[in-house]
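This is data_2.csv. It holds CSV, C-alpha atoms.
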chain,number,residue,atom,x,y,z
A,354,MET,CA,4.3,66.7,2.5
A,355,HIS,CA,7.7,66.8,0.7
A,356,ALA,CA,10.9,68.7,1.2
A,357,HIS,CA,12.0,69.8,-2.3
A,358,PRO,CA,10.6,70.0,-5.8
A,359,ASP,CA,11.1,66.5,-7.4
A,360,ASP,CA,10.7,64.6,-4.1
A,361,GLU,CA,7.0,64.1,-4.8
A,362,SER,CA,7.8,62.3,-8.0
A,363,SER,CA,10.6,60.0,-6.8
A,364,THR,CA,8.8,58.5,-3.8
A,365,THR,CA,5.1,59.0,-4.3
A,366,GLY,CA,4.7,59.8,-8.0
A,367,GLY,CA,2.9,56.5,-8.6
A,368,VAL,CA,0.3,56.8,-5.8
A,369,LEU,CA,-0.3,60.5,-6.7
A,370,ARG,CA,-1.2,59.6,-10.3
A,371,THR,CA,-3.0,56.4,-9.4
A,372,TYR,CA,-5.3,58.1,-6.9
A,373,ALA,CA,-5.9,61.1,-9.1
A,374,ASP,CA,-7.1,58.7,-11.8
A,375,GLN,CA,-9.5,57.3,-9.2
A,376,GLY,CA,-11.0,60.7,-8.5
A,377,VAL,CA,-9.1,61.3,-5.2
A,378,ARG,CA,-8.2,64.9,-4.5
A,379,THR,CA,-4.4,65.0,-4.0
A,380,VAL,CA,-2.6,67.9,-2.4
A,381,LEU,CA,1.1,68.5,-2.4
A,382,VAL,CA,3.0,70.7,0.1
A,383,THR,CA,6.6,71.4,-0.8
A,384,CYS,CA,8.6,72.8,2.1
A,385,THR,CA,11.6,74.4,0.4
A,386,ASP,CA,12.5,76.3,-2.7
A,387,GLY,CA,15.1,73.7,-3.8
A,388,ALA,CA,17.6,76.5,-4.4
A,389,LEU,CA,20.6,74.4,-3.4
A,390,GLY,CA,20.0,72.0,-6.3
A,391,ASP,CA,21.9,72.1,-9.6
A,392,ALA,CA,21.2,74.9,-11.9
A,393,PRO,CA,19.6,74.1,-15.3
A,394,ASP,CA,23.0,74.6,-17.0
A,395,GLY,CA,24.6,72.0,-14.6
A,396,THR,CA,26.2,74.5,-12.2
A,397,THR,CA,26.4,72.8,-8.8
A,398,PRO,CA,25.7,74.6,-5.5
A,399,GLU,CA,29.5,74.6,-4.7
A,400,ALA,CA,30.2,76.9,-7.6
A,401,GLN,CA,30.7,80.6,-6.8
A,402,HIS,CA,28.4,81.6,-9.7
A,403,HIS,CA,25.6,79.3,-8.5
A,404,ASP,CA,22.5,81.6,-8.5
A,405,ARG,CA,20.0,80.4,-5.9
A,406,ALA,CA,17.2,82.6,-7.0
A,407,TRP,CA,17.5,81.4,-10.6
A,408,VAL,CA,17.6,77.8,-9.5
A,409,ALA,CA,14.6,78.3,-7.2
A,410,GLY,CA,12.5,79.9,-9.9
A,411,HIS,CA,13.4,77.2,-12.4
A,412,ARG,CA,12.6,74.4,-10.0
A,413,ALA,CA,9.2,75.9,-9.3
A,414,GLU,CA,8.4,75.8,-13.0
A,415,GLU,CA,9.6,72.2,-13.1
A,416,LEU,CA,7.4,71.4,-10.1
A,417,ALA,CA,4.3,72.8,-11.8
A,418,ARG,CA,4.9,70.6,-14.9
A,419,ALA,CA,5.4,67.5,-12.8
A,420,ALA,CA,2.3,68.2,-10.7
A,421,ALA,CA,0.3,68.5,-13.9
A,422,ILE,CA,1.6,65.1,-15.1
A,423,LEU,CA,0.7,63.5,-11.7
A,424,GLY,CA,-2.8,65.1,-11.6
A,425,ILE,CA,-2.1,66.9,-8.3
A,426,ALA,CA,-5.1,69.1,-7.6
A,427,ARG,CA,-3.3,71.7,-5.4
A,428,VAL,CA,0.3,72.6,-4.9
A,429,GLU,CA,1.5,74.7,-2.0
A,430,MET,CA,5.1,75.8,-1.5
A,431,LEU,CA,5.9,76.9,2.1
A,432,GLY,CA,8.8,78.9,0.6
A,433,TYR,CA,11.6,78.0,3.1
A,434,PRO,CA,15.2,78.3,1.8
A,435,ASP,CA,16.7,74.9,0.9
A,436,SER,CA,19.0,73.7,3.7
A,437,GLY,CA,21.3,71.6,1.6
A,438,MET,CA,22.7,68.2,2.3
A,439,GLU,CA,23.7,66.9,5.7
A,440,GLY,CA,26.7,68.8,7.0
A,441,TRP,CA,26.5,71.7,4.6
A,442,SER,CA,27.1,75.1,6.1
A,443,GLN,CA,23.7,76.2,4.7
A,444,ASN,CA,22.0,73.9,7.2
A,445,ASP,CA,22.3,76.5,9.9
A,446,GLU,CA,21.8,79.7,7.8
A,447,ALA,CA,19.2,82.0,9.2
A,448,GLY,CA,15.8,81.2,7.7
A,449,SER,CA,16.7,77.8,6.3
A,450,PHE,CA,14.1,75.1,6.7
A,451,TRP,CA,16.3,73.1,9.0
A,452,SER,CA,17.0,76.0,11.3
A,453,THR,CA,13.3,77.1,11.5
A,454,PRO,CA,11.6,76.1,14.8
A,455,VAL,CA,9.3,73.2,14.2
A,456,ALA,CA,6.3,75.0,15.7
A,457,ASP,CA,6.8,78.0,13.4
A,458,ALA,CA,6.8,75.8,10.3
A,459,ALA,CA,3.9,73.7,11.5
A,460,ALA,CA,1.9,76.9,12.0
A,461,ARG,CA,2.1,77.4,8.2
A,462,LEU,CA,0.9,73.8,7.5
A,463,VAL,CA,-2.0,73.7,9.9
A,464,PRO,CA,-4.3,76.0,7.9
A,465,ILE,CA,-3.8,73.9,4.8
A,466,LEU,CA,-4.6,70.7,6.8
A,467,LEU,CA,-7.8,72.4,8.2
A,468,GLU,CA,-8.8,73.5,4.7
A,469,GLU,CA,-8.3,70.1,3.1
A,470,ARG,CA,-9.1,67.8,6.1
A,471,PRO,CA,-7.2,64.9,4.6
A,472,GLN,CA,-8.0,61.3,5.3
A,473,VAL,CA,-4.5,60.3,4.4
A,474,VAL,CA,-1.2,62.2,4.9
A,475,VAL,CA,2.2,61.0,3.6
A,476,THR,CA,5.6,62.3,4.6
A,477,TYR,CA,9.1,60.9,5.5
A,478,ASP,CA,10.0,58.9,8.5
A,479,GLU,CA,12.1,60.2,11.5
A,480,ILE,CA,15.3,59.7,9.5
A,481,GLY,CA,14.0,61.5,6.5
A,482,PHE,CA,14.1,58.4,4.3
A,483,TYR,CA,17.9,58.7,3.9
A,484,GLY,CA,19.0,61.4,6.4
A,485,HIS,CA,18.5,64.6,4.5
A,486,PRO,CA,18.0,67.5,7.0
A,487,ASP,CA,15.0,69.0,5.1
A,488,HIS,CA,13.4,65.5,5.0
A,489,ILE,CA,13.8,65.1,8.7
A,490,GLN,CA,12.4,68.5,9.3
A,491,ALA,CA,9.4,67.7,7.0
A,492,HIS,CA,8.7,64.7,9.2
A,493,ARG,CA,8.9,66.8,12.4
A,494,VAL,CA,6.7,69.6,11.0
A,495,THR,CA,4.1,67.2,9.6
A,496,ARG,CA,3.8,65.4,12.9
A,497,ALA,CA,3.5,68.6,14.9
A,498,ALA,CA,1.0,70.2,12.4
A,499,LEU,CA,-1.2,67.1,12.5
A,500,GLU,CA,-1.2,67.2,16.3
A,501,ALA,CA,-2.0,70.9,16.4
A,502,SER,CA,-4.8,70.5,13.8
A,503,GLY,CA,-6.6,68.0,15.9
A,504,LEU,CA,-7.4,65.9,12.7
A,505,ALA,CA,-7.6,62.2,12.9
A,506,SER,CA,-5.8,61.5,9.6
A,507,SER,CA,-3.9,58.3,8.7
A,508,LEU,CA,-0.2,59.0,8.4
A,509,PHE,CA,2.2,56.9,6.2
A,510,TYR,CA,5.9,57.0,5.4
A,511,PRO,CA,7.2,56.0,2.0
A,512,ALA,CA,9.7,53.1,2.2
A,513,ILE,CA,11.7,50.6,0.1
A,514,PRO,CA,11.8,47.1,1.6
A,515,SER,CA,15.3,45.6,1.9
A,516,SER,CA,14.5,42.8,-0.6
A,517,ALA,CA,13.3,45.3,-3.2
A,518,PHE,CA,16.4,47.5,-2.6
A,519,LYS,CA,18.5,44.5,-3.5
A,520,ARG,CA,16.5,43.9,-6.7
A,521,PHE,CA,16.8,47.6,-7.5
A,522,ARG,CA,20.6,47.4,-7.4
A,523,GLU,CA,20.5,44.4,-9.6
A,524,VAL,CA,18.4,46.3,-12.2
A,525,LEU,CA,20.9,49.2,-12.1
A,526,ARG,CA,23.8,46.8,-12.5
A,527,GLU,CA,22.1,45.3,-15.6
A,528,ALA,CA,21.8,48.8,-17.0
A,529,ASP,CA,25.4,49.7,-16.0
A,530,VAL,CA,24.1,52.6,-14.1
A,531,GLU,CA,25.6,53.9,-10.8
A,532,GLY,CA,22.9,54.0,-8.1
A,533,PRO,CA,22.7,55.0,-4.4
A,534,GLY,CA,25.8,54.4,-2.4
A,535,GLY,CA,26.5,51.8,0.2
A,536,ASP,CA,27.0,48.1,0.3
A,537,ASP,CA,24.4,45.5,1.2
A,538,ASP,CA,25.7,45.6,4.8
A,539,ASP,CA,27.1,49.1,4.9
A,540,GLU,CA,29.3,49.6,8.0
A,541,GLY,CA,27.5,46.8,9.9
A,542,ARG,CA,24.1,48.5,9.8
A,543,GLY,CA,22.5,45.7,8.0
A,544,PRO,CA,20.9,45.7,4.5
A,545,PRO,CA,19.7,49.1,3.2
A,546,GLY,CA,16.1,49.9,3.0
A,547,THR,CA,13.3,49.1,5.5
A,548,PRO,CA,13.1,45.5,6.8
A,549,ASP,CA,10.4,43.7,4.8
A,550,GLU,CA,8.4,42.8,7.9
A,551,LYS,CA,7.9,46.5,8.7
A,552,ILE,CA,6.2,47.2,5.4
A,553,ASP,CA,2.4,47.7,5.9
A,554,VAL,CA,1.1,48.8,2.5
A,555,VAL,CA,2.2,47.6,-0.9
A,556,ILE,CA,0.5,49.4,-3.9
A,557,ASP,CA,0.5,48.4,-7.5
A,558,VAL,CA,1.1,51.6,-9.4
A,559,SER,CA,2.1,50.0,-12.7
A,560,GLY,CA,-0.7,51.9,-14.5
A,561,ALA,CA,1.0,55.1,-13.4
A,562,VAL,CA,4.6,54.2,-13.8
A,563,ASP,CA,5.0,56.0,-17.2
A,564,ALA,CA,3.6,59.2,-15.6
A,565,LYS,CA,6.0,58.8,-12.7
A,566,PHE,CA,8.9,58.6,-15.2
A,567,ASP,CA,7.6,61.6,-17.1
A,568,ALA,CA,7.2,63.6,-13.9
A,569,LEU,CA,10.8,62.9,-12.9
A,570,ALA,CA,11.9,63.9,-16.4
A,571,ALA,CA,10.0,67.2,-15.9
A,572,HIS,CA,12.5,67.9,-13.1
A,573,ALA,CA,15.3,67.8,-15.7
A,574,SER,CA,17.7,70.1,-13.9
A,575,GLN,CA,17.9,67.5,-11.1
A,576,THR,CA,17.2,64.2,-12.8
A,577,GLU,CA,18.6,64.3,-16.3
A,578,SER,CA,21.8,62.6,-15.3
A,579,SER,CA,20.2,60.6,-12.4
A,580,PHE,CA,19.9,56.9,-12.1
A,581,PHE,CA,16.1,57.3,-12.4
A,582,LEU,CA,16.3,58.3,-16.0
A,583,LYS,CA,19.6,56.6,-17.0
A,584,MET,CA,18.1,53.2,-16.3
A,585,GLY,CA,15.7,53.8,-19.2
A,586,ARG,CA,11.9,53.6,-19.2
A,587,ASP,CA,11.7,49.8,-19.6
A,588,ARG,CA,13.9,49.1,-16.6
A,589,PHE,CA,12.2,51.9,-14.7
A,590,ARG,CA,8.9,50.0,-15.2
A,591,GLN,CA,10.5,46.8,-13.8
A,592,PHE,CA,11.1,48.4,-10.4
A,593,PHE,CA,8.9,51.5,-10.0
A,594,GLY,CA,5.6,49.8,-10.7
A,595,THR,CA,5.3,49.3,-6.9
A,596,GLU,CA,5.3,51.7,-4.0
A,597,TRP,CA,5.6,50.8,-0.4
A,598,PHE,CA,4.6,52.5,2.9
A,599,VAL,CA,4.8,52.1,6.6
A,600,ARG,CA,1.9,53.0,8.9
A,601,ALA,CA,2.8,55.7,11.4
A,602,ILE,CA,-0.6,56.9,12.7
A,603,ASP,CA,-3.7,54.9,12.1
A,604,PRO,CA,-6.9,56.1,13.7
A,605,LEU,CA,-8.7,53.2,12.0
A,606,GLY,CA,-6.7,50.6,14.0
A,607,ARG,CA,-5.8,48.5,10.9
A,608,SER,CA,-3.3,45.7,11.0
A,609,GLY,CA,-1.8,43.3,8.5
A,610,MET,CA,-1.0,44.1,4.9
A,611,ASP,CA,-3.0,46.6,2.9
A,612,HIS,CA,-2.8,47.5,-0.8
A,613,ASP,CA,-4.5,50.9,-0.5
A,614,LEU,CA,-3.6,53.9,1.6
A,615,PHE,CA,-7.3,54.6,1.9
A,616,ALA,CA,-8.2,51.1,3.1
A,617,GLY,CA,-10.9,51.5,5.8
A,618,TRP,CA,-11.7,55.0,4.7
A,619,ARG,CA,-13.5,53.8,1.6
A,620,ASP,CA,-15.6,51.2,3.5
As structure tokens, what does this structure read like?
Amino acid sequence: MHAHPDDESSTTGGVLRTYADQGVRTVLVTCTDGALGDAPDGTTPEAQHHDRAWVAGHRAEELARAAAILGIARVEMLGYPDSGMEGWSQNDEAGSFWSTPVADAAARLVPILLEERPQVVVTYDEIGFYGHPDHIQAHRVTRAALEASGLASSLFYPAIPSSAFKRFREVLREADVEGPGGDDDDEGRGPPGTPDEKIDVVIDVSGAVDAKFDALAAHASQTESSFFLKMGRDRFRQFFGTEWFVRAIDPLGRSGMDHDLFAGWRD
């Protein structure tokens, strides 16, 4: 369950391709149309001639290409208008994903959950991974839909441990590439990322890391100038061969470190 086209590749591209290669059926639900992203010609959402419909259509095409690279069996777009970044006026526009009542959006997701009956569901944590309104809404909608469905699925949140975040910045500095903002102790909040001790699942996706890079490249309108691609394929492999997750709901009652989102379901 992701907010925008390209989110599936950046945080879960490795597990999507890895599990597809293992014969696991993977399903992607994308909540918004991504219309407030950059246009293919580089036009930003702030520009008066930014065409949301054009951007949305192009991003849907990019999503289809990325999904094929990642081996995703089914892609569903809920079709909500992109709400934009935190504090943008579009957050509160009528019909935007952020302004939609959680129960209304969850009602669109429940039938998909009941059709697929997933053992494992992945979405963002309560702060949306980094505070994006649509990510926070995706978290709320997923939790509400799971509860309404009555399914006993395992729920996980993607995360980056603080120690890995530090290594990530080192890799970017070596590549002379500007990365995510913030200092290691930004405004007294402590190091960025999730505390290492809160990570519950560490997955080796090194066999899928090239597919993850290619999927991000398929979203060229958003990623062509991003740190993901600017760091180059070799450095990308150094860091993105691992993906990390936090357990949120676990009907199997597991504890300790796992290396598979389906641990316990396969036994």
Would you list the contacts of Arg378 in chain A as a tab-separated table (two decimals) with C-alpha atoms, keeping the file's coordinate frame, taking every protein, DNA or RNA residue within 8 Å and counting all atoms listed in the file, but skipping same-chain residues closer than 3 positions in sequence?
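Saved file part_28.tsv follows:
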chain	number	residue	atom	x	y	z
A	372	TYR	CA	-5.30	58.10	-6.90
A	373	ALA	CA	-5.90	61.10	-9.10
A	425	ILE	CA	-2.10	66.90	-8.30
A	426	ALA	CA	-5.10	69.10	-7.60
Protein, DNA and RNA residues within 10 Å of (-2.3, 65.3, -14.4), only C-alpha atoms, as a list in words: Leu369, Arg370, Ala373, Asp374, Arg418, Ala419, Ala420, Ala421, Ile422, Leu423, Gly424, Ile425, Ala426, Ala564 and Ala568 of chain A
For range 396-399 of chain A: contacts at 12 Å, all atoms listed in the file, fewer than 2 positions along chain excluded, given as number ranges by chain: A: 387-394, 401-409, 435-438, 441-443, 574-575
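One distance worth recording is that between CA of Gly617 in chain A and CA of Ser515 in chain A, which is 27.1 Å.
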Selected residue of minimal separation from Ala570 in chain A among A:Ala528, A:Leu605, A:Leu416, A:Ala491, counting only C-alpha atoms: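 Of the candidates, the smallest distance to Ala570 in chain A is held by A:Leu416.
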Cut-off 10 Å around (4.4, 46.0, 0.6) with only C-alpha atoms: residues as a ChimeraX atom specification: /A:512-514,517,549-557,595-599,610-612
Nearest-residue call for Arg520 in chain A, choices A:Leu499, A:Phe592, A:Met584, A:Ala460, using all atoms listed in the file: A:Phe592
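Reported to one decimal place, the separation of CA of Trp618 in chain A from CA of Ser516 in chain A is 29.4 Å.
In this model, the gap between CA of Arg412 in chain A and CA of Ala573 in chain A comes to 9.1 Å.
Closest approach to Tyr510 in chain A among A:Met354, A:Gly609, A:Glu527, A:Glu577 is made by A:Met354 (distances from all atoms listed in the file).
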So that I can see what lies close to Leu508 in chain A, please list as a PDB file with C-alpha atoms, in the frame of the given file the residues with an atom at most 7 Å from it, counting all atoms listed in the file and leaving out residues fewer than 3 positions away in the same chain.
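In the end it all went to around-v6.pdb:
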ATOM      1  CA  VAL A 473      -4.500  60.300   4.400  1.00  0.00           C
ATOM      2  CA  VAL A 474      -1.200  62.200   4.900  1.00  0.00           C
ATOM      3  CA  VAL A 475       2.200  61.000   3.600  1.00  0.00           C
ATOM      4  CA  ARG A 600       1.900  53.000   8.900  1.00  0.00           C
ATOM      5  CA  ALA A 601       2.800  55.700  11.400  1.00  0.00           C
ATOM      6  CA  ILE A 602      -0.600  56.900  12.700  1.00  0.00           C
ATOM      7  CA  ASP A 603      -3.700  54.900  12.100  1.00  0.00           C
TER       8      ASP A 603
END
Shell around Thr385 in chain A at 8 Å using all atoms listed in the file, local window under 6 positions removed, as a list of chain:residue names: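 Listing them by chain and then by number gives A:Ala356, A:His357, A:Pro358, A:Met430, A:Leu431, A:Gly432, A:Tyr433, A:Pro434, A:Asp435, A:Phe450, A:Asp487.
Summary of the local environment: counting all atoms listed in the file, residues at most 6 Å from Val463 in chain A, other than itself and those fewer than 2 positions away along its chain, are Ala460, Arg461, Ile465, Leu466, Ala498 and Ser502 of chain A.
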Can you spit out the residues from that selection as a compact mmCIF listing (two decimals), keeping the file's coordinate frame, using C-alpha atoms?
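Contents of result.txt, freshly written:
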# COMPACT_ATOMS: atom_id res chain seq x y z
CA ALA A 460 1.90 76.90 12.00
CA ARG A 461 2.10 77.40 8.20
CA ILE A 465 -3.80 73.90 4.80
CA LEU A 466 -4.60 70.70 6.80
CA ALA A 498 1.00 70.20 12.40
CA SER A 502 -4.80 70.50 13.80
Residue with smallest distance to Thr453 in chain A - pool A:Arg588, A:Lys583, A:Arg493, A:Arg470, counting only C-alpha atoms: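 Using only C-alpha atoms, the shortest distance to Thr453 in chain A belongs to A:Arg493.
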A:Glu468, A:Pro548, A:Gly503, A:Asp563 ranked by distance to Lys519 in chain A, top pick (using only C-alpha atoms): A:Pro548
